[in-house]
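Structure file protein_28.cif with mmCIF, C-alpha atoms:
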data_run
#
loop_
_atom_site.label_atom_id
_atom_site.label_comp_id
_atom_site.auth_asym_id
_atom_site.auth_seq_id
_atom_site.Cartn_x
_atom_site.Cartn_y
_atom_site.Cartn_z
CA MET Y 46 -19.99 0.86 11.80
CA LYS Y 47 -22.83 2.06 9.60
CA ASN Y 48 -21.93 -0.17 6.71
CA PRO Y 49 -21.08 -3.77 7.56
CA LYS Y 50 -19.19 -4.13 4.26
CA LEU Y 51 -16.50 -1.64 5.27
CA PRO Y 52 -14.33 -3.85 7.50
CA THR Y 53 -14.58 -6.62 4.91
CA GLU Y 54 -13.14 -4.33 2.25
CA PHE Y 55 -10.34 -3.32 4.63
CA ARG Y 56 -9.55 -6.97 5.29
CA ASP Y 57 -9.66 -7.72 1.55
CA GLY Y 58 -7.05 -5.01 1.10
CA LEU Y 59 -4.81 -6.53 3.76
CA LYS Y 60 -5.21 -9.99 2.23
CA ALA Y 61 -4.40 -8.68 -1.25
CA ILE Y 62 -0.86 -7.74 -0.21
CA ILE Y 63 0.09 -11.10 1.33
CA PRO Y 64 1.68 -12.32 -1.94
CA LEU Y 65 3.78 -9.14 -2.03
CA PHE Y 66 5.04 -9.65 1.51
CA LEU Y 67 8.42 -11.19 0.73
CA GLY Y 68 9.28 -8.79 -2.08
CA VAL Y 69 8.48 -5.69 -0.02
CA ALA Y 70 10.23 -7.05 3.09
CA SER Y 71 13.39 -7.86 1.10
CA PHE Y 72 13.53 -4.42 -0.46
CA ALA Y 73 12.88 -2.75 2.91
CA ILE Y 74 15.78 -4.70 4.41
CA ALA Y 75 17.94 -3.76 1.42
CA TYR Y 76 17.14 -0.10 2.05
CA GLY Y 77 17.93 -0.41 5.78
CA LEU Y 78 21.29 -2.01 5.04
CA LEU Y 79 22.21 0.59 2.43
CA ALA Y 80 21.17 3.47 4.69
CA ARG Y 81 23.40 2.19 7.51
CA LYS Y 82 26.24 1.84 5.03
CA ALA Y 83 25.71 5.48 4.03
CA GLY Y 84 26.14 6.44 7.70
CA LEU Y 85 22.51 7.22 8.53
CA SER Y 86 21.45 6.58 12.11
CA LEU Y 87 18.67 4.10 12.82
CA LEU Y 88 16.48 7.09 13.75
CA SER Y 89 17.04 8.92 10.45
CA LEU Y 90 16.55 5.91 8.23
CA THR Y 91 13.34 5.01 10.06
CA LEU Y 92 12.12 8.59 9.92
CA MET Y 93 12.69 8.59 6.16
CA SER Y 94 10.57 5.45 5.82
CA LEU Y 95 7.78 6.90 7.93
CA LEU Y 96 7.68 10.37 6.33
CA VAL Y 97 8.71 9.73 2.71
CA PHE Y 98 7.51 6.12 2.31
CA ALA Y 99 8.75 5.69 -1.26
CA GLY Y 100 11.11 2.75 -1.63
CA ALA Y 101 12.63 3.54 -5.00
CA SER Y 102 13.31 7.20 -4.22
CA GLN Y 103 14.66 6.40 -0.73
CA PHE Y 104 17.06 3.95 -2.35
CA VAL Y 105 18.12 6.54 -4.92
CA ALA Y 106 18.54 9.25 -2.25
CA ILE Y 107 20.81 7.01 -0.17
CA SER Y 108 22.87 6.06 -3.23
CA LEU Y 109 23.30 9.76 -4.01
CA LEU Y 110 24.32 10.46 -0.38
CA ILE Y 111 26.98 7.75 -0.66
CA SER Y 112 28.28 9.29 -3.89
CA GLY Y 113 28.52 12.65 -2.10
CA SER Y 114 25.79 14.52 -4.02
CA SER Y 115 24.43 17.84 -2.74
CA PHE Y 116 21.12 17.91 -0.84
CA LEU Y 117 19.66 20.07 -3.59
CA LEU Y 118 20.36 17.40 -6.21
CA ILE Y 119 18.88 14.73 -3.92
CA LEU Y 120 15.69 16.77 -3.43
CA PHE Y 121 15.41 17.43 -7.12
CA THR Y 122 15.94 13.76 -7.94
CA THR Y 123 13.26 12.82 -5.39
CA LEU Y 124 10.83 15.01 -7.29
CA VAL Y 125 11.83 13.50 -10.62
CA VAL Y 126 11.72 9.87 -9.44
CA ASN Y 127 8.36 10.36 -7.71
CA SER Y 128 6.80 12.32 -10.57
CA ARG Y 129 5.26 8.96 -11.56
CA TYR Y 130 2.82 9.46 -8.67
CA PHE Y 131 1.28 12.34 -10.65
CA LEU Y 132 0.38 9.81 -13.30
CA MET Y 133 -0.89 7.26 -10.80
CA GLY Y 134 -2.97 9.87 -9.01
CA ALA Y 135 -4.38 10.96 -12.36
CA SER Y 136 -5.33 7.40 -13.28
CA LEU Y 137 -7.00 6.86 -9.89
CA GLY Y 138 -8.68 10.27 -10.17
CA PRO Y 139 -11.87 9.07 -11.90
CA TYR Y 140 -12.52 6.70 -8.97
CA THR Y 141 -11.39 8.83 -6.04
CA ARG Y 142 -12.41 12.38 -7.00
CA LYS Y 143 -15.70 12.31 -5.11
CA TRP Y 144 -14.15 11.20 -1.83
CA ASP Y 145 -13.63 13.52 1.16
CA THR Y 146 -10.50 15.64 1.10
CA LYS Y 147 -9.49 14.04 4.42
CA TRP Y 148 -9.53 10.61 2.79
CA GLN Y 149 -7.68 11.90 -0.24
CA VAL Y 150 -4.94 13.35 1.96
CA VAL Y 151 -4.47 10.09 3.87
CA LEU Y 152 -4.63 7.83 0.81
CA SER Y 153 -2.35 10.15 -1.18
CA PHE Y 154 0.22 10.13 1.61
CA LEU Y 155 0.10 6.31 1.63
CA LEU Y 156 0.20 5.88 -2.17
CA SER Y 157 2.94 3.51 -3.33
CA ASP Y 158 3.66 1.56 -6.51
CA GLU Y 159 2.39 -1.65 -4.94
CA SER Y 160 -0.77 -0.15 -3.44
CA TYR Y 161 -1.47 1.57 -6.74
CA ALA Y 162 -1.17 -1.70 -8.68
CA MET Y 163 -3.50 -3.56 -6.31
CA THR Y 164 -5.99 -0.68 -6.09
CA ILE Y 165 -6.28 0.08 -9.79
CA SER Y 166 -6.80 -3.57 -10.75
CA ARG Y 167 -9.50 -3.89 -8.05
CA PHE Y 168 -11.23 -0.62 -8.95
CA THR Y 169 -11.50 -1.46 -12.63
CA LYS Y 170 -13.33 -4.70 -11.72
CA ASN Y 171 -15.20 -3.96 -8.46
CA VAL Y 172 -17.01 -0.97 -6.98
CA PRO Y 173 -14.21 1.39 -5.81
CA ASN Y 174 -14.03 1.35 -2.02
CA LYS Y 175 -11.73 3.59 0.00
CA TYR Y 176 -11.43 1.02 2.79
CA TYR Y 177 -9.93 -1.42 0.34
CA GLN Y 178 -7.29 1.11 -0.69
CA LEU Y 179 -6.70 1.95 2.98
CA GLY Y 180 -6.19 -1.73 3.85
CA VAL Y 181 -3.68 -2.23 1.04
CA SER Y 182 -1.84 1.03 1.72
CA LEU Y 183 -1.70 0.83 5.50
CA GLY Y 184 -0.59 -2.81 5.41
CA LEU Y 185 2.29 -1.92 3.10
CA TYR Y 186 3.17 1.15 5.21
CA VAL Y 187 3.46 -0.90 8.41
CA GLU Y 188 5.43 -3.61 6.63
CA TRP Y 189 7.79 -1.08 5.06
CA PHE Y 190 8.38 0.54 8.48
CA VAL Y 191 8.97 -2.75 10.35
CA PHE Y 192 11.37 -4.27 7.81
CA THR Y 193 13.22 -1.00 7.33
CA VAL Y 194 14.01 -1.05 11.06
CA ILE Y 195 15.05 -4.71 10.85
CA GLY Y 196 17.32 -3.88 7.88
CA GLY Y 197 18.80 -0.96 9.82
CA LEU Y 198 19.48 -3.18 12.84
CA MET Y 199 21.05 -5.85 10.61
CA GLY Y 200 23.13 -3.17 8.90
CA SER Y 201 25.24 -2.75 12.03
CA PHE Y 202 26.84 -6.13 11.40
CA LEU Y 203 26.01 -6.92 7.76
CA GLY Y 204 27.20 -5.03 4.72
CA ASP Y 205 26.07 -4.07 1.25
CA PRO Y 206 22.56 -5.28 0.23
CA GLN Y 207 23.84 -5.82 -3.32
CA ALA Y 208 26.03 -8.61 -1.96
CA PHE Y 209 22.87 -10.53 -1.03
CA GLY Y 210 20.97 -9.84 -4.23
CA LEU Y 211 18.30 -8.12 -2.13
CA ASP Y 212 18.18 -5.11 -4.44
CA PHE Y 213 16.69 -7.46 -7.04
CA ALA Y 214 13.51 -7.70 -4.92
CA LEU Y 215 12.23 -4.39 -6.36
CA PRO Y 216 12.30 -5.24 -10.09
CA ALA Y 217 11.09 -8.79 -9.28
CA THR Y 218 8.09 -7.46 -7.35
CA PHE Y 219 7.28 -4.95 -10.08
CA MET Y 220 7.49 -7.70 -12.66
CA VAL Y 221 4.83 -9.80 -10.96
CA LEU Y 222 2.68 -6.69 -10.60
CA LEU Y 223 3.09 -5.86 -14.27
CA LEU Y 224 2.52 -9.31 -15.84
CA PRO Y 225 -1.22 -9.68 -15.12
CA MET Y 226 -1.82 -6.20 -16.59
CA ILE Y 227 -0.62 -7.30 -20.03
CA ARG Y 228 -3.60 -8.68 -21.87
CA SER Y 229 -3.29 -7.62 -25.52
CA TRP Y 230 -0.73 -7.01 -28.24
CA ARG Y 231 -1.12 -3.28 -27.65
CA HIS Y 232 0.05 -3.76 -24.08
CA VAL Y 233 3.08 -5.71 -25.31
CA ILE Y 234 3.96 -2.95 -27.79
CA VAL Y 235 3.71 -0.33 -25.04
CA CYS Y 236 6.02 -2.43 -22.82
CA ILE Y 237 8.64 -2.82 -25.53
CA LEU Y 238 8.56 0.85 -26.56
CA THR Y 239 8.58 2.06 -22.96
CA GLY Y 240 11.57 -0.23 -22.31
CA ILE Y 241 13.42 1.36 -25.22
CA PHE Y 242 12.46 4.89 -24.05
CA SER Y 243 13.70 4.13 -20.54
CA ILE Y 244 17.09 2.84 -21.74
CA ALA Y 245 17.52 5.78 -24.11
CA GLY Y 246 16.47 8.16 -21.32
CA PHE Y 247 18.83 6.52 -18.84
CA LEU Y 248 21.76 6.85 -21.23
CA PHE Y 249 21.09 10.34 -22.60
CA LEU Y 250 19.19 12.30 -19.96
CA PRO Y 251 20.63 13.69 -16.68
CA THR Y 252 20.21 11.84 -13.34
CA ARG Y 253 16.81 10.12 -13.19
CA TRP Y 254 14.93 12.02 -15.87
CA TYR Y 255 14.36 8.75 -17.70
CA ILE Y 256 11.54 7.94 -15.25
CA PRO Y 257 9.09 10.75 -16.15
CA PHE Y 258 10.36 10.71 -19.76
CA ALA Y 259 9.66 7.01 -20.43
CA ALA Y 260 6.55 6.76 -18.22
CA VAL Y 261 4.82 9.74 -19.89
CA LEU Y 262 5.89 8.78 -23.41
CA GLY Y 263 4.81 5.15 -22.89
CA THR Y 264 1.43 6.26 -21.56
CA ILE Y 265 0.89 8.54 -24.57
CA VAL Y 266 1.84 5.80 -27.05
CA GLY Y 267 -0.61 3.45 -25.31
CA GLY Y 268 -3.38 6.05 -25.32
CA MET Y 269 -2.83 6.67 -29.02
CA LEU Y 270 -3.04 2.93 -29.80
CA GLU Y 271 -6.21 2.71 -27.70
CA LEU Y 272 -7.95 5.61 -29.45
CA TRP Y 273 -6.86 4.29 -32.85
CA LYS Y 274 -8.42 0.91 -31.99
CA ARG Y 275 -11.72 2.52 -30.97
CA LYS Y 276 -12.07 4.42 -34.24
CA MET R 62 25.13 15.77 10.27
CA GLU R 63 22.05 14.25 11.93
CA ALA R 64 20.11 17.55 11.95
CA GLU R 65 20.95 18.14 8.29
CA ILE R 66 19.82 14.65 7.30
CA ILE R 67 16.51 15.21 9.07
CA GLU R 68 16.07 18.48 7.16
CA LEU R 69 16.71 16.55 3.94
CA ILE R 70 14.15 13.91 4.96
CA ILE R 71 11.50 16.55 5.65
CA GLY R 72 12.22 18.13 2.26
CA MET R 73 11.87 14.77 0.52
CA ALA R 74 8.65 14.07 2.44
CA VAL R 75 7.07 17.38 1.38
CA LEU R 76 8.03 16.92 -2.27
CA THR R 77 6.84 13.31 -2.33
CA PHE R 78 3.50 14.19 -0.78
CA PHE R 79 3.11 16.94 -3.37
CA THR R 80 3.57 14.44 -6.24
CA ARG R 81 0.98 12.14 -4.67
CA PHE R 82 -1.63 14.72 -3.77
CA ALA R 83 -1.42 17.21 -6.67
CA SER R 84 -3.49 15.23 -9.15
CA ALA R 85 -6.14 14.44 -6.51
CA VAL R 86 -6.60 18.21 -6.07
CA MET R 87 -6.71 18.76 -9.83
CA PHE R 88 -9.40 16.15 -10.32
CA LYS R 89 -11.71 17.70 -7.75
CA ARG R 90 -12.40 20.53 -10.20
CA VAL R 91 -11.95 19.08 -13.66
CA ASN R 92 -14.29 16.73 -15.44
CA ILE R 93 -12.77 13.64 -16.95
CA SER R 94 -13.22 12.89 -20.63
CA LYS R 95 -13.39 9.46 -22.25
CA LYS R 96 -10.12 10.19 -24.07
CA TRP R 97 -8.39 10.81 -20.77
CA ASN R 98 -9.59 7.45 -19.46
CA ALA R 99 -8.24 5.67 -22.55
CA LEU R 100 -4.85 7.28 -21.92
CA MET R 101 -4.81 6.37 -18.24
CA ILE R 102 -5.18 2.62 -18.87
CA TYR R 103 -1.53 2.59 -19.87
CA VAL R 104 -0.15 4.38 -16.80
CA PRO R 105 0.58 1.24 -14.74
CA ILE R 106 2.12 -0.59 -17.70
CA ALA R 107 4.35 2.33 -18.64
CA VAL R 108 5.40 3.13 -15.06
CA PHE R 109 6.33 -0.41 -14.07
CA THR R 110 8.18 -1.04 -17.33
CA THR R 111 10.14 2.18 -16.78
CA ILE R 112 11.40 0.96 -13.40
CA ILE R 113 12.00 -2.68 -14.36
CA VAL R 114 13.90 -2.39 -17.66
CA PRO R 115 16.82 -0.15 -16.54
CA ALA R 116 17.13 -2.16 -13.30
CA LEU R 117 17.78 -5.28 -15.39
CA LEU R 118 19.72 -3.85 -18.34
CA LEU R 119 21.73 -1.09 -16.64
CA PRO R 120 22.38 -2.44 -13.14
CA LYS R 121 25.71 -0.63 -12.80
CA GLU R 122 24.53 2.48 -14.64
CA LYS R 123 25.94 1.07 -17.89
CA LEU R 124 24.09 -0.84 -20.60
CA ASP R 125 25.04 -4.49 -20.18
CA ILE R 126 23.34 -7.03 -22.47
CA SER R 127 25.49 -10.09 -21.83
CA ILE R 128 25.50 -13.29 -19.82
CA ASN R 129 27.77 -11.53 -17.32
CA ASN R 130 24.84 -9.35 -16.25
CA GLU R 131 23.30 -11.42 -13.47
CA TYR R 132 20.34 -9.03 -13.12
CA LEU R 133 19.34 -9.63 -16.73
CA ILE R 134 19.65 -13.43 -16.44
CA ALA R 135 17.78 -13.50 -13.13
CA GLY R 136 15.19 -11.15 -14.61
CA LEU R 137 14.54 -13.39 -17.61
CA ILE R 138 14.32 -16.54 -15.46
CA SER R 139 11.95 -14.89 -12.95
CA LEU R 140 9.87 -13.48 -15.79
CA LEU R 141 9.43 -16.97 -17.23
CA PHE R 142 8.68 -18.35 -13.76
CA ALA R 143 6.16 -15.58 -13.02
CA TYR R 144 4.48 -16.13 -16.39
CA LYS R 145 4.20 -19.91 -15.89
CA THR R 146 3.22 -20.04 -12.21
CA LYS R 147 1.78 -16.59 -11.35
CA ASN R 148 3.50 -17.16 -8.00
CA LEU R 149 4.71 -13.84 -6.61
CA VAL R 150 6.68 -15.16 -3.64
CA GLY R 151 8.35 -17.86 -5.74
CA THR R 152 9.39 -15.28 -8.32
CA VAL R 153 11.24 -13.15 -5.79
CA ILE R 154 12.95 -16.20 -4.24
CA ILE R 155 13.97 -17.60 -7.65
CA GLY R 156 15.30 -14.22 -8.79
CA ILE R 157 17.43 -13.62 -5.70
CA SER R 158 18.69 -17.24 -5.72
CA VAL R 159 19.73 -16.99 -9.37
CA ILE R 160 21.65 -13.77 -8.68
CA LEU R 161 23.49 -15.33 -5.75
CA LEU R 162 24.24 -18.53 -7.70
CA LEU R 163 25.57 -16.62 -10.72
CA ARG R 164 27.77 -14.43 -8.51
CA PHE R 165 29.11 -17.53 -6.84
CA ALA R 166 29.72 -19.13 -10.26
CA PHE R 167 31.45 -15.99 -11.61
CA SER R 168 33.70 -15.82 -8.57
CA LEU R 169 35.05 -19.33 -9.15
#
Can you give me the file's structure in the form of structure tokens?
Amino acid sequence: MKNPKLPTEFRDGLKAIIPLFLGVASFAIAYGLLARKAGLSLLSLTLMSLLVFAGASQFVAISLLISGSSFLLILFTTLVVNSRYFLMGASLGPYTRKWDTKWQVVLSFLLSDESYAMTISRFTKNVPNKYYQLGVSLGLYVEWFVFTVIGGLMGSFLGDPQAFGLDFALPATFMVLLLPMIRSWRHVIVCILTGIFSIAGFLFLPTRWYIPFAAVLGTIVGGMLELWKRK
Amino acid sequence: MEAEIIELIIGMAVLTFFTRFASAVMFKRVNISKKWNALMIYVPIAVFTTIIVPALLLPKEKLDISINNEYLIAGLISLLFAYKTKNLVGTVIIGISVILLLRFAFSL
């Protein structure tokens, strides 16, 4: 190692996700259970976790499979649900744009909501370090894989994850990620308006279009408030 | 069936990687303005709110603002708990416990 700080940053990243452990594990188990219920083999549901690695969209894809949707609709919905990664990538861009393409490929592949939340709050306070992001992302990837398999194994003799309230782990985890980010009345306004946009979008737009709709609109409202403040 | 599912998974994987990598490619070439940075501060807030709110208010794909919606009740209680304690693990445990308790209570 040329730089003795590198492994420390990696370890910091791993440590940062310890508080998220239970939430991620519960949601991974919920996904494994649901996938078995949908008739996926242990191999397929694990492969999906390893290659797609996007909890919310895996959950949505399985729900659509259960409701008998076409593969084309599932693929399209995947794109819509995960369009939020465009935004996350764009907000990380100022910190990561100078990094090697190799690093960008690996860290992009491993980008998740949780790793994004940890990384962006660290990067805005500390010197951005790719080993930190790698530690966070890789830790979550391994955890997601392991608990997905456990959920799949449990699914052979347990039933619906909704029956155990496990599907609540996702909004609960996101809530604790979101809370520390809210530090001013502008943030509160953006939360309330985005909440209204998301409900309106859910009710009036097809499939999962509410996700890009509300996320983009909420971001724009926030940006406008921010620029107005700076004037 | 199995082969088709694996095709679907590969399709999802390619599309998902595209959403994650596209903006990294864009930013290699474009310079970032101050205005852009101001806008980007709100990305995490907007994204997380977008996922949380419908999960609590439309758990069965229908708007349900009532005490019969256990996701909403559990959400409010965990929100309060998270705000008071900042304890992530506790929040998840409280939320799931409240859901299970309410379901048990409703079933009586």
Explicit residues for the PyMOL selection byres ((chain Y) within 7 of (chain R)) (as number ranges by chain) = Y: 64-65, 67-68, 89, 93, 96-97, 116, 120, 123-124, 127-136, 138-139, 142, 149-150, 153-154, 156, 162, 209-211, 213-214, 216-221, 223, 226, 235-236, 239-240, 243-244, 256, 259-260, 263-265, 267-268, 271-272
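Pairwise distance (CA of Leu141 (chain R), CA of Ile128 (chain R)) equals 16.7 Å.
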Find the distance between CA of Ser112 (chain Y) and CA of Phe72 (chain Y) and write it in Å to one decimal.
->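 Separation of CA of Ser112 (chain Y) and CA of Phe72 (chain Y): 20.4 Å.
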Between CA of Gly184 (chain Y) and CA of Gly58 (chain Y), what is the spacing in Å?
->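 Separating CA of Gly58 (chain Y) from CA of Gly184 (chain Y) is a distance of 8.1 Å.
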Got a sec: who's within 12 Å of Ala83 (chain Y), counting all atoms listed in the file, leaving out chain neighbours fewer than 4 positions off, as a ChimeraX atom specification?
-> /Y:76-79,87,89-90,104-113,197,200-201,204-206 /R:66
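With the shown file loaded, the PyMOL selection byres ((chain Y and resi 185) around 10) picks out Leu59, Ile62, Ile63, Leu65, Phe66, Val69, Ala70, Phe98, Leu155, Leu156, Ser157, Glu159, Ser160, Leu179, Gly180, Val181, Ser182, Leu183, Gly184, Tyr186, Val187, Glu188, Trp189, Phe190 and Val191 of chain Y.
For the residues Y:Gly100, Y:Trp148, Y:Ile119, Y:Arg231, ranking by smallest atom-to-atom distance to Ser71 (chain Y) using all atoms listed in the file places Y:Gly100 first.
The nearest approach to Met199 (chain Y) among the residues Y:Lys170, Y:Ala80, Y:Phe242, Y:Leu88, with all atoms listed in the file taken into account, belongs to Y:Ala80.
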Restricting the calculation to all atoms listed in the file, which member of Y:Trp230, Y:Phe202, Y:Trp144, Y:Phe121 is positioned closest to Trp254 (chain Y)?
->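 When distances to Trp254 (chain Y) are compared using all atoms listed in the file, the smallest one comes from Y:Phe121.
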